[in-house]
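Report on the following structure.
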Number of protein chains: 4
Amino acid sequence: MSGNTFGTVFRITTFGESHGAALGVIIDGCPAGLRMDEKIIQKELDRRRPGAGNNPAATPRSEPDTAEILSGVFDGFTTGTPIAVLIRNTSQNSRDYSGIAEKFRPGHADFSYFKKYGIRDYRGGGRSSGRETSARVAAGAVAKAFLKEKGIFIKAWTEEAAGIKCETYDENEIENNRMRAPDREAAGLMLEKIERLRMEGDSAGGIVSARISGEIPAGLGEPVFDKLEALLGQAVLSIGAVRGIEFGAGFETARMTGSESNDPLSCGGNGKVSFGENNAGGILGGISSGAEIFFRVAVKPVPSIRKIQKTITTAGEETEIEVHGRHDVCLCPRIVPVVEAMSALVIADLYLRNLASRI
Amino acid sequence: MSGNTFGTVFRITTFGESHGAALGVIIDGCPAGLRMDEKIIQKELDRRRPGAGNNPAATPRSEPDTAEILSGVFDGFTTGTPIAVLIRNTSQNSRDYSGIAEKFRPGHADFSYFKKYGIRDYRGGGRSSGRETSARVAAGAVAKAFLKEKGIFIKAWTEEAAGIKCETYDENEIENNRMRAPDREAAGLMLEKIERLRMEGDSAGGIVSARISGEIPAGLGEPVFDKLEALLGQAVLSIGAVRGIEFGAGFETARMTGSESNDPLSCGGNGKVSFGENNAGGILGGISSGAEIFFRVAVKPVPSIRKIQKTITTAGEETEIEVHGRHDVCLCPRIVPVVEAMSALVIADLYLRNLASRI
Amino acid sequence: MSGNTFGTVFRITTFGESHGAALGVIIDGCPAGLRMDEKIIQKELDRRRPGAGNNPAATPRSEPDTAEILSGVFDGFTTGTPIAVLIRNTSQNSRDYSGIAEKFRPGHADFSYFKKYGIRDYRGGGRSSGRETSARVAAGAVAKAFLKEKGIFIKAWTEEAAGIKCETYDENEIENNRMRAPDREAAGLMLEKIERLRMEGDSAGGIVSARISGEIPAGLGEPVFDKLEALLGQAVLSIGAVRGIEFGAGFETARMTGSESNDPLSCGGNGKVSFGENNAGGILGGISSGAEIFFRVAVKPVPSIRKIQKTITTAGEETEIEVHGRHDVCLCPRIVPVVEAMSALVIADLYLRNLASRI
Amino acid sequence: MSGNTFGTVFRITTFGESHGAALGVIIDGCPAGLRMDEKIIQKELDRRRPGAGNNPAATPRSEPDTAEILSGVFDGFTTGTPIAVLIRNTSQNSRDYSGIAEKFRPGHADFSYFKKYGIRDYRGGGRSSGRETSARVAAGAVAKAFLKEKGIFIKAWTEEAAGIKCETYDENEIENNRMRAPDREAAGLMLEKIERLRMEGDSAGGIVSARISGEIPAGLGEPVFDKLEALLGQAVLSIGAVRGIEFGAGFETARMTGSESNDPLSCGGNGKVSFGENNAGGILGGISSGAEIFFRVAVKPVPSIRKIQKTITTAGEETEIEVHGRHDVCLCPRIVPVVEAMSALVIADLYLRNLASRI
């Protein structure tokens with residue numbers, strides 16, 4: 001396995017470089033009979049796409065990112081055969097790489113890919129570009145559609161960016177501002193700060209949070225290596241700029257006592273079991289308890305910055321580099337749909353795997 | 001895949017419940033020709049075992065945890081065939097479970113396992129018990145032996161416990177105190193605090209850090225889903241009490257700017273490339289850069305506490321529970337070898353997978 | 001993957017050498033709630049064991065082959081966690097290998113293992129010994145128990161041995177003669193011929209047939225690479241002495257016309273669809289049709305013969321070899337339970353995989 | 001895993017229906033640095049394509065089958081990232097399905113797919129169509145290019161068709177006649193017989209043989225479930241019309257004695273070990289011995305025939321069916337490149353897996 005496949009039953013394999021002919025994904029294992037068409041996929045792809053011009057958080061590069069379903073769907077329903085989705089690259093030849101083709105960009109995969117494969121694909125990061133995530137989002141749209149049928153919903157948002165934290169949580173606000181923050185005021189401050197960093201040729205990091213809610217069955221997660229945290233962890237940590245993940249009360253739990261961190265079980269009104277403050281983030285022993293699943297993700301600043309940086313050339317000589325071009329300043333709002341996609345893929349897969357748990 | 005297998009080329013499958021006949025592991029894919037015997041495995045198992053009586057951080061339960069190699073080794077060397085290691089349970093029948101057999105222990109997997117499998121194995125957590133990690137440690141010992149041949153070393157330690165942080169780092173100190181902390185003074189304070197919590201019938205969490213160093217080749221990690229962070233993340237988050245993981249500067253990176261977080265490349269004295277402060281924790285684009293790999297792990301407090309807790313019965317009635325028995329107060333020192341084992345398994349696997357990266 | 005794991009959802013991993021400490025298997029993915037105990041496994045293991053002394057087809061080596069369940073079963077039912085089964089080797093040190101330790105036995109894996117792993121484990125074939133199949137049979141017993149719950153039955157028998165074919169088919173006869181042949185008279189002739197070959201220091205091949213019947217659901221098999229023939233093919237061709245497999249009318253189909261080989265569909269009396277002569281062997285497009293599944297397997301003669309053979313030494317010099325010891329003359333009767341076991345594993349796995357085929 | 005992925009290190013995932021938008025494949029795990037372009041793939045695709053009009057063995061349907069590489073190749077070499085190949089369907093809407101849309105064609109997957117997925121994609125078989133193999137052939141072209149670099153060659157041919165066997169073997173003849181038979185005279189007789197069957201509205205089966213030769217290293221194959229026969233078996237039995245496979249002397253071995261079937265080892269002139277008549281077909285204990293690998297494959301007659309057949313409707317009523325349209329009469333010549341492709345995929349995968357066999 002060379003790392004481009006994810007999932008066991010609901011399983012995806014992606015391909016594509018930022019500046020090649022196309023990106024895409026094969027979704028294998030989606031059950032037959034799910035309503036599916038290109039609009040369902042396109043809607044999610046559009047969320048990942050950089051905003052309309054004046055969004056200071058996003059790159060001005062405009063990729064239409066149009067999804068074409070090549071197989072696996074007939075008369076508006078999935079057939080049980082692999083669903084291939086194709087996303088053509090349309091502006092892949094527009095950039096000038098002279099000046100960086102022989103230099104390793106700090107914070108990027110240039111150096112490590114070169115060492116691994118013996119090849120320097122200087123065209124915008126190649127496979128390591130964030131553009132790769134469009135294939136994940138396309139696949140995630142199918143997983144989300146499946147989960148929706150089962151009453152399960154996934155929602156991510158920008159919790160913090162450029163050092164500014166959200167103070168309030170209004171779910172309806174999330175898709176209404178360019179930061180995808182649930183706090184309109186904080187979103188405004190984030191955008192101001194980001195605009196300032198852009199002027200300085202610098203960039204910003206942040207924190208993305210996610211919640212999985214609805215009719216989550218108790219029982220998702222496969223002990224001992226495919227625990228729910230383990231697979232969500234792999235899924236989310238495989239997204240380019242992510243540097244950490246924590247579940248429920250996360251790193252804070254490290255400072256709690258057992259009597260503080262344990263969630264007491266009680267009988268909820270609706271016949272469901274309730275778990276106090278849900279410090280566990282909906283996961284007990286690696287298996288969903290039925291409570292809301294919650295986690296937070298650390299996103300590093302965009303490594304492509306105009307500020308002069310020290311680096312070396314492919315020949316091993318020390319030099320300096322300025323990275324120009326169409327780059328995001330803060331990835332959080334665009335990582336939100338990717339986190340949702342990867343989470344949906346994990347949950348859909350574990351849902352199907354769980355079908356075989358009892359005789 | 002039901003979750004008891006980990007790895008692709010260097011691959012393990014574990015089995016065993018805390019109170020069944022035995023635990024064990026099959027290690028498949030270890031190359032032939034590696035010097036191997038039971039002592040190599042036993043040494044690591046002994047590190048995971050609870051300390052001698054007076055260690056307040058550890059459970060007084062005394063399992064000899066004796067490893068027997070059943071296959072895959074001939075005349076002191078691995079043969080290329082699967083290496084099975086057996087660890088018999090010896091004191092599995094000694095506890096009294098009346099009083100908890102019908103109740104779900106808060107913070108434990110009791111509820112979620114029951115919902116998943118329809119079975120209540122009340123004997124100490126069954127498969128979800130921390131005892132399961134002895135099989136991981138046995139396998140990790142083989143992975144470590146392989147990595148040692150390649151000049152790669154893995155070291156974990158307790159960075160923080162019960163709210164007390166290490167202020168200094170002395171590697172030689174780590175295995176010299178019962179907290180496995182690199183700061184002797186901090187270790188003393190941790191033990192005091194933990195002893196107090198034990199008296200109160202409560203428990204403590206902490207933070208474990210790990211570092212992978214030596215002749216790490218640039219090139220480990222398989223884009224895009226089996227990135228080095230993604231697999232280390234899965235590996236470590238699959239350990240029972242772990243609630244979060246961060247790489248390099250981790251969550252702190254979220255508040256940095258790009259010019260702060262990017263590591264400049266320069267020529268080290270020894271022909272190796274140097275990466276400034278190594279905020280990336282030795283990983284670029286999901287692939288090792290050759291710099292030291294570094295990560296931190298959040299460990300929750302032991303959920304088994306004597307303090308009275310609210311819970312429900314298997315019949316769904318609200319009740320209270322007191323969990324007695326031989327339990328750790330703080331898991332950090334015993335999780336240290338498990339984190340090392342899981343890390344070794346990831347690195348050994350990626351090392352072998354990387355053999356096929358170029359023609 | 002190093003080849004010691006088989007199956008996707010119902011998945012086994014085996015270990016063990018003929019002359020090591022033990023053989024065994026971990027069965028991962030068996031649903032919780034299946035009645036299970038050691039007797040169920042032992043019964044199948046006893047079928048694989050060489051017969052009582054006077055069976056000329058079988059080796060006189062007497063291994064008790066006692067199965068111990070180490071995990072995954074509680075109070076007489078599977079728990080959903082991995083089921084480990086251990087089979088100790090008891091007579092592994094009784095043979096004298098001088099005279100063959102430095103020579104490659106023709107027809108055996110000695111040469112190819114040596115070239116692959118750089119190691120010569122001369123003790124009876126090591127991992128390549130037929131004794132390895134006891135772990136398969138133990139796992140197959142669990143798969144069979146699962147299938148029995150679903151009304152599916154698997155039956156194999158010796159169709160031909162030492163050139164003698166069965167002329168009649170009496171299912172009740174199969175386990176009543178030492179050849180496991182459904183034709184008592186043919187069985188007698190086979191045994192005579194085999195006894196003669198034993199005296200000459202030679203051995204015999206044969207053909208084993210298998211049938212899967214009962215409540216086989218239409219729909220087992222996963223296009224396009226995990227078709228039912230493809231997985232049964234892998235399963236059965238992975239048994240040591242098997243040299244070929246054919247489904248339904250098999251090689252004979254190559255000489256038919258389409259109008260002869262196509263099975264017409266009609267309505268059976270019981271609401272089931274009927275498929276004429278079932279030339280397809282119950283498989284259409286790689287997926288079970290609901291009709292009986294049928295295949296035939298070519299088994300080569302036991303390669304261990306007393307007759308003098310030409311070979312080379314590990315040093316590459318030409319020499320001669322006589323292989324003494326406790327060997328079968330014809331493997332068919334002992335391969336019968338192994339073919340059943342491997343078939344059961346495939347069908348159980350595909351049964352569970354099929355649960356996710358529709359929304 | 002839903003069955004559309006094959007291989008472990010050199011791994012492919014295919015998609016596409018006969019009458020959807022496109023077919024294709026993602027090849028993951030091809031090492032970086034292999035010379036690659038669309039011509040290399042197109043050349044093999046052209047071999048699978050139906051011949052020019054007057055080939056009576058082939059369907060007159062003319063699909064250009066043009067391969068487009070979408071990723072994984074840069075400046076004429078593979079980059080180590082997944083290679084996606086796209087093959088658009090161009091004539092997918094040209095047929096009239098009235099008359100068969102509600103009927104299950106005998107010998108086809110119509111019935112079993114319907115039962116499995118609950119869907120009747122009547123457009124020419126959908127995923128179960130032989131057209132699916134074009135994606136295999138595209139992937140096999142890449143595997144072949146890799147093996148060629150290592151000095152390994154794969155050659156298949158029609159050994160027998162419509163009851164007529166080749167009497168001579170002239171390798172140069174194979175690609176010179178429309179049957180891909182190594183015996184020109186036999187090829188002529190086959191074509192005559194096939195033409196007669198076409199007139200009658202019937203079809204023919206046959207036997208395809210394959211040989212893997214050149215610098216085959218001893219050591220390919222992973223005991224115990226991924227033996228060379230087991231994986232070649234799965235690979236080849238997953239091709240639509242294949243009903244059986246045998247290795248080396250195959251089913252004939254069942255009638256041999258051990259002294260006849262064992263291949264004596266001797267020292268070849270060139271420092272290589274020689275294996276007598278190579279009854280083992282180059283495989284000992286599931287691992288390549290370095291001798292030529294040889295196997296034979298039973299191919300059933302094309303199930304699409306004009307002759308009237310009995311069948312049932314989707315509503316379960318008995319009826320008759322005549323299958324019109326562009327169909328092959330005998331699949332052998334078109335299966336030849338598919339058998340080569342699948343064999344190349346197995347050998348390339350095992351070659352790369354074998355890199356990790358020794359320390």
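Naming scheme: A, B, ... for chains in displayed order of the structure tokens; residues 1 onward per chain; ligands 1 onward as shown.
Interface residues on chain A toward chain D (cut-off 6 Å, only C-alpha atoms): A:Met1, A:Ser2, A:Thr8, A:Val9, A:Phe15, A:Gly16, A:Gly20, A:Ala21, A:Ala22, A:Asp28, A:Gly29, A:Ala32, A:Leu70, A:Ser71, A:Pro82, A:Tyr117.
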Go ahead and write the selection's residues with N, CA, C and O atoms as a short mmCIF file (atom, residue, chain, number, x, y, z; two decimals), in the first residue's frame.
data_model
loop_
_atom_site.label_atom_id
_atom_site.label_comp_id
_atom_site.auth_asym_id
_atom_site.auth_seq_id
_atom_site.Cartn_x
_atom_site.Cartn_y
_atom_site.Cartn_z
N MET A 1 0.85 -1.20 0.00
CA MET A 1 0.00 0.00 0.00
C MET A 1 0.88 1.25 0.00
O MET A 1 1.73 1.42 0.84
N SER A 2 0.66 2.11 -0.99
CA SER A 2 1.53 3.27 -1.12
C SER A 2 0.91 4.54 -0.57
O SER A 2 1.39 5.63 -0.85
N THR A 8 -11.57 0.98 4.84
CA THR A 8 -11.57 -0.47 4.72
C THR A 8 -12.76 -0.93 3.89
O THR A 8 -12.58 -1.56 2.86
N VAL A 9 -13.96 -0.64 4.30
CA VAL A 9 -15.13 -1.03 3.53
C VAL A 9 -15.53 0.13 2.61
O VAL A 9 -15.59 -0.02 1.39
N PHE A 15 -5.82 10.45 -6.59
CA PHE A 15 -4.65 10.69 -7.45
C PHE A 15 -4.62 12.16 -7.81
O PHE A 15 -5.61 12.88 -7.66
N GLY A 16 -3.50 12.58 -8.35
CA GLY A 16 -3.44 13.91 -8.94
C GLY A 16 -2.46 14.86 -8.30
O GLY A 16 -2.28 14.87 -7.08
N GLY A 20 -0.83 18.85 -12.68
CA GLY A 20 -0.98 17.82 -13.71
C GLY A 20 -2.28 18.01 -14.45
O GLY A 20 -2.93 19.06 -14.35
N ALA A 21 -2.71 16.96 -15.15
CA ALA A 21 -3.92 17.08 -15.97
C ALA A 21 -5.19 17.12 -15.13
O ALA A 21 -6.15 17.82 -15.45
N ALA A 22 -5.21 16.36 -14.06
CA ALA A 22 -6.45 16.25 -13.30
C ALA A 22 -6.17 15.67 -11.92
O ALA A 22 -5.12 15.09 -11.67
N ASP A 28 -14.69 3.19 -3.50
CA ASP A 28 -15.09 1.79 -3.62
C ASP A 28 -15.76 1.37 -2.32
O ASP A 28 -15.26 1.66 -1.24
N GLY A 29 -16.88 0.68 -2.44
CA GLY A 29 -17.54 0.19 -1.24
C GLY A 29 -18.72 1.03 -0.79
O GLY A 29 -19.28 0.75 0.26
N ALA A 32 -24.95 0.16 -2.76
CA ALA A 32 -25.86 0.46 -3.87
C ALA A 32 -27.14 1.07 -3.32
O ALA A 32 -27.55 0.78 -2.19
N LEU A 70 -17.62 9.49 -13.31
CA LEU A 70 -17.29 8.66 -14.48
C LEU A 70 -17.91 7.27 -14.41
O LEU A 70 -17.97 6.57 -15.43
N SER A 71 -18.32 6.86 -13.23
CA SER A 71 -18.80 5.47 -13.08
C SER A 71 -19.53 5.31 -11.77
O SER A 71 -19.48 6.18 -10.91
N PRO A 82 -17.49 0.82 -8.23
CA PRO A 82 -16.70 1.99 -7.82
C PRO A 82 -17.15 3.28 -8.49
O PRO A 82 -17.40 3.32 -9.70
N TYR A 117 11.87 10.31 -3.55
CA TYR A 117 11.61 9.82 -4.90
C TYR A 117 12.73 10.16 -5.89
O TYR A 117 12.71 9.69 -7.03
#
(request) For Ile283 in chain A, work out the shell of residues within 8 Å, counting only C-alpha atoms and skipping chain neighbours fewer than 3 positions away, then give it as JSON, numbers by chain. (result) {"A": [228, 229, 280, 286, 287, 288, 289, 291, 293]}
(request) Go through C:Ile164, C:Ala348, C:Val339, C:Ile174 and flag the residue nearest Glu192 in chain C, using only C-alpha atoms for the distances. (result) C:Ile164
(message) What parts of range 148-267 of chain D does DSSP call alpha helix (DSSP H)? I'd like the answer as a PyMOL selection string.
(response) chain D and resi 148-149+184-199+228-237+258-261
(request) Enter the distance from CA of Asn279 in chain D to CA of Ile216 in chain D, in Å, rounded to one decimal. (result) 17.1 Å
(request) Name the residues of range 46-199 of chain B that fall into strand (DSSP E or B) according to DSSP on the backbone, using the chain letters and numbers of this document, as number ranges by chain. (result) B: 67-69, 73-74, 77-78, 83-88, 103, 152-161, 164-165
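In this structure, CA of Val329 in chain C sits 20.4 Å away from CA of Ser238 in chain C.
The shell of residues at most 6 Å from range 301-313 of chain B, with only C-alpha atoms counted and near chain neighbours (fewer than 4 positions) removed, consists of Thr257, Gly258, Pro264, Leu265 and Ser266 of chain A; Glu102, Lys103, Gly107, Gly201, Asp202, Ser203, Ala204, Gly205, Glu317, Glu318, Thr319, Glu320, Ile321, Glu322, Val323, His324 and Val329 of chain B.
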Using only N, CA, C and O atoms, please write the residues we just selected to a file, as an mmCIF file, in the first residue's frame.
data_model
loop_
_atom_site.group_PDB
_atom_site.id
_atom_site.type_symbol
_atom_site.label_atom_id
_atom_site.label_comp_id
_atom_site.auth_asym_id
_atom_site.auth_seq_id
_atom_site.Cartn_x
_atom_site.Cartn_y
_atom_site.Cartn_z
ATOM 1 N N THR A 257 -8.107 15.387 37.313
ATOM 2 C CA THR A 257 -8.087 14.128 38.058
ATOM 3 C C THR A 257 -9.142 13.217 37.436
ATOM 4 O O THR A 257 -10.007 13.668 36.658
ATOM 5 N N GLY A 258 -9.098 11.969 37.802
ATOM 6 C CA GLY A 258 -10.069 11.010 37.279
ATOM 7 C C GLY A 258 -11.499 11.405 37.605
ATOM 8 O O GLY A 258 -12.404 11.270 36.781
ATOM 9 N N PRO A 264 -19.990 10.931 34.087
ATOM 10 C CA PRO A 264 -20.980 10.042 34.716
ATOM 11 C C PRO A 264 -22.056 9.640 33.711
ATOM 12 O O PRO A 264 -22.458 10.440 32.870
ATOM 13 N N LEU A 265 -22.511 8.395 33.784
ATOM 14 C CA LEU A 265 -23.602 7.942 32.915
ATOM 15 C C LEU A 265 -24.932 8.188 33.613
ATOM 16 O O LEU A 265 -25.075 7.906 34.808
ATOM 17 N N SER A 266 -25.886 8.698 32.852
ATOM 18 C CA SER A 266 -27.231 8.832 33.399
ATOM 19 C C SER A 266 -28.260 8.631 32.290
ATOM 20 O O SER A 266 -27.899 8.536 31.125
ATOM 21 N N GLU B 102 -22.692 -5.704 36.868
ATOM 22 C CA GLU B 102 -23.908 -5.213 36.215
ATOM 23 C C GLU B 102 -23.876 -3.701 35.988
ATOM 24 O O GLU B 102 -24.876 -3.121 35.576
ATOM 25 N N LYS B 103 -22.755 -3.065 36.328
ATOM 26 C CA LYS B 103 -22.684 -1.605 36.210
ATOM 27 C C LYS B 103 -21.618 -1.220 35.187
ATOM 28 O O LYS B 103 -20.595 -1.883 35.068
ATOM 29 N N GLY B 107 -15.869 6.299 32.224
ATOM 30 C CA GLY B 107 -14.528 6.475 31.666
ATOM 31 C C GLY B 107 -13.953 5.217 31.070
ATOM 32 O O GLY B 107 -12.859 5.236 30.490
ATOM 33 N N GLY B 201 -8.475 8.363 46.673
ATOM 34 C CA GLY B 201 -9.237 7.506 45.763
ATOM 35 C C GLY B 201 -9.409 8.128 44.396
ATOM 36 O O GLY B 201 -10.336 7.802 43.659
ATOM 37 N N ASP B 202 -8.482 8.988 44.046
ATOM 38 C CA ASP B 202 -8.588 9.667 42.749
ATOM 39 C C ASP B 202 -7.363 9.317 41.878
ATOM 40 O O ASP B 202 -6.548 8.462 42.258
ATOM 41 N N SER B 203 -7.240 9.939 40.714
ATOM 42 C CA SER B 203 -6.144 9.595 39.805
ATOM 43 C C SER B 203 -5.687 10.825 39.037
ATOM 44 O O SER B 203 -6.294 11.894 39.153
ATOM 45 N N ALA B 204 -4.637 10.669 38.243
ATOM 46 C CA ALA B 204 -4.029 11.816 37.559
ATOM 47 C C ALA B 204 -3.691 11.501 36.108
ATOM 48 O O ALA B 204 -3.390 10.359 35.766
ATOM 49 N N GLY B 205 -3.691 12.552 35.278
ATOM 50 C CA GLY B 205 -3.269 12.432 33.886
ATOM 51 C C GLY B 205 -1.868 12.967 33.704
ATOM 52 O O GLY B 205 -1.145 13.197 34.686
ATOM 53 N N GLU B 317 -30.757 1.311 34.622
ATOM 54 C CA GLU B 317 -31.185 2.037 35.819
ATOM 55 C C GLU B 317 -30.011 2.846 36.386
ATOM 56 O O GLU B 317 -28.879 2.377 36.410
ATOM 57 N N GLU B 318 -30.328 4.025 36.907
ATOM 58 C CA GLU B 318 -29.273 4.857 37.489
ATOM 59 C C GLU B 318 -28.824 4.280 38.819
ATOM 60 O O GLU B 318 -29.620 3.746 39.592
ATOM 61 N N THR B 319 -27.521 4.380 39.096
ATOM 62 C CA THR B 319 -26.958 3.805 40.307
ATOM 63 C C THR B 319 -25.640 4.507 40.609
ATOM 64 O O THR B 319 -25.283 5.485 39.953
ATOM 65 N N GLU B 320 -24.916 4.003 41.630
ATOM 66 C CA GLU B 320 -23.580 4.532 41.933
ATOM 67 C C GLU B 320 -22.577 3.402 41.898
ATOM 68 O O GLU B 320 -22.939 2.232 42.013
ATOM 69 N N ILE B 321 -21.319 3.755 41.735
ATOM 70 C CA ILE B 321 -20.285 2.733 41.643
ATOM 71 C C ILE B 321 -19.014 3.200 42.340
ATOM 72 O O ILE B 321 -18.673 4.379 42.312
ATOM 73 N N GLU B 322 -18.360 2.255 43.024
ATOM 74 C CA GLU B 322 -17.011 2.468 43.567
ATOM 75 C C GLU B 322 -16.135 1.407 42.932
ATOM 76 O O GLU B 322 -16.439 0.225 43.028
ATOM 77 N N VAL B 323 -15.060 1.813 42.273
ATOM 78 C CA VAL B 323 -14.209 0.821 41.607
ATOM 79 C C VAL B 323 -13.001 0.503 42.476
ATOM 80 O O VAL B 323 -12.105 1.327 42.648
ATOM 81 N N HIS B 324 -13.008 -0.690 43.041
ATOM 82 C CA HIS B 324 -11.881 -1.122 43.868
ATOM 83 C C HIS B 324 -10.930 -1.967 43.031
ATOM 84 O O HIS B 324 -11.194 -2.252 41.877
ATOM 85 N N VAL B 329 -2.497 4.863 39.362
ATOM 86 C CA VAL B 329 -3.051 6.196 39.626
ATOM 87 C C VAL B 329 -2.771 7.099 38.421
ATOM 88 O O VAL B 329 -3.615 7.870 37.994
#
(message) Using only C-alpha atoms, can you tell me which of B:Val85, B:Ile41, B:Pro223, B:Pro333 comes closest to Glu159 in chain B?
(response) B:Pro333
Please list as a compact mmCIF listing (two decimals) with N, CA, C and O atoms, in the first residue's frame every residue within 7 Å of Val208 in chain B, counting only C-alpha atoms and excluding residues in the same chain fewer than 2 positions away.
# COMPACT_ATOMS: atom_id res chain seq x y z
N ALA B 156 10.89 7.66 24.74
CA ALA B 156 9.76 8.42 25.25
C ALA B 156 9.96 8.67 26.74
O ALA B 156 10.78 7.99 27.38
N TRP B 157 9.24 9.64 27.29
CA TRP B 157 9.35 9.96 28.71
C TRP B 157 8.11 10.71 29.20
O TRP B 157 7.32 11.17 28.38
N THR B 158 7.97 10.79 30.52
CA THR B 158 6.89 11.56 31.13
C THR B 158 7.32 13.02 31.18
O THR B 158 8.27 13.37 31.87
N GLU B 159 6.60 13.86 30.48
CA GLU B 159 6.94 15.29 30.41
C GLU B 159 6.21 16.04 31.53
O GLU B 159 6.70 17.03 32.04
N GLU B 160 5.06 15.54 31.87
CA GLU B 160 4.21 16.21 32.86
C GLU B 160 3.29 15.15 33.47
O GLU B 160 2.87 14.22 32.77
N GLY B 206 -1.47 13.20 32.45
CA GLY B 206 -0.14 13.74 32.21
C GLY B 206 0.17 13.82 30.72
O GLY B 206 -0.71 13.60 29.88
N ALA B 210 7.90 12.02 22.99
CA ALA B 210 8.73 11.01 22.35
C ALA B 210 9.59 11.64 21.27
O ALA B 210 9.21 12.65 20.66
N ARG B 296 4.21 14.98 21.16
CA ARG B 296 3.72 14.98 22.55
C ARG B 296 2.32 14.39 22.60
O ARG B 296 1.53 14.58 21.67
N VAL B 297 2.02 13.73 23.70
CA VAL B 297 0.80 12.93 23.80
C VAL B 297 0.07 13.26 25.10
O VAL B 297 0.68 13.28 26.17
N ALA B 298 -1.24 13.52 25.00
CA ALA B 298 -2.04 13.77 26.21
C ALA B 298 -2.59 12.46 26.75
O ALA B 298 -3.22 11.70 26.02
N CYS B 332 1.22 7.49 32.99
CA CYS B 332 2.34 7.96 32.16
C CYS B 332 3.56 7.03 32.15
O CYS B 332 4.02 6.64 31.08
N VAL B 336 4.85 5.06 28.62
CA VAL B 336 6.12 5.38 27.94
C VAL B 336 6.60 4.23 27.04
O VAL B 336 6.82 4.43 25.84
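Counting from CA of Thr90 in chain C, the distance to CA of Thr66 in chain C is 9.7 Å.
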(message) Env of Ala141 in chain C: 12 Å cut, atoms = only C-alpha atoms, seq-sep filter 5 positions within chain, self excluded. Answer as a ChimeraX atom specification.
(response) /C:25,27,30,35-48,67,83,85,134-136,146-148,153-154,337-345,348
Selected residues, C-alpha atoms, written as a CSV table (one decimal), in the first residue's frame, please.
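Ended up saving to result.csv:
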chain,number,residue,atom,x,y,z
C,25,VAL,CA,-4.0,-18.8,14.3
C,27,ILE,CA,-9.2,-15.3,13.8
C,30,CYS,CA,-15.8,-13.3,13.7
C,35,ARG,CA,-21.5,-20.5,20.1
C,36,MET,CA,-17.9,-21.7,20.3
C,37,ASP,CA,-15.7,-24.0,22.3
C,38,GLU,CA,-12.6,-26.1,21.9
C,39,LYS,CA,-14.5,-29.2,21.0
C,40,ILE,CA,-15.9,-27.6,17.8
C,41,ILE,CA,-12.3,-26.9,16.7
C,42,GLN,CA,-10.8,-30.2,17.9
C,43,LYS,CA,-13.3,-32.1,15.8
C,44,GLU,CA,-12.0,-30.6,12.6
C,45,LEU,CA,-8.4,-30.9,13.7
C,46,ASP,CA,-8.9,-34.6,14.3
C,47,ARG,CA,-10.1,-35.0,10.8
C,48,ARG,CA,-6.8,-33.6,9.4
C,67,ALA,CA,-6.4,-26.9,20.2
C,83,ILE,CA,-10.0,-15.6,18.7
C,85,VAL,CA,-6.1,-20.8,18.9
C,134,SER,CA,-3.6,-27.4,11.0
C,135,ALA,CA,-3.9,-23.7,11.8
C,136,ARG,CA,-6.1,-23.3,8.7
C,146,PHE,CA,-20.7,-19.5,11.6
C,147,LEU,CA,-21.9,-20.7,8.2
C,148,LYS,CA,-23.9,-23.5,9.8
C,153,PHE,CA,-22.6,-26.4,4.4
C,154,ILE,CA,-19.3,-27.3,2.8
C,337,PRO,CA,-10.6,-31.0,5.5
C,338,VAL,CA,-8.1,-28.3,4.5
C,339,VAL,CA,-10.0,-27.6,1.3
C,340,GLU,CA,-13.2,-27.4,3.4
C,341,ALA,CA,-11.6,-25.0,5.8
C,342,MET,CA,-10.2,-22.7,3.2
C,343,SER,CA,-13.6,-22.7,1.4
C,344,ALA,CA,-15.4,-21.9,4.6
C,345,LEU,CA,-13.1,-19.0,5.3
C,348,ALA,CA,-17.8,-16.6,5.7
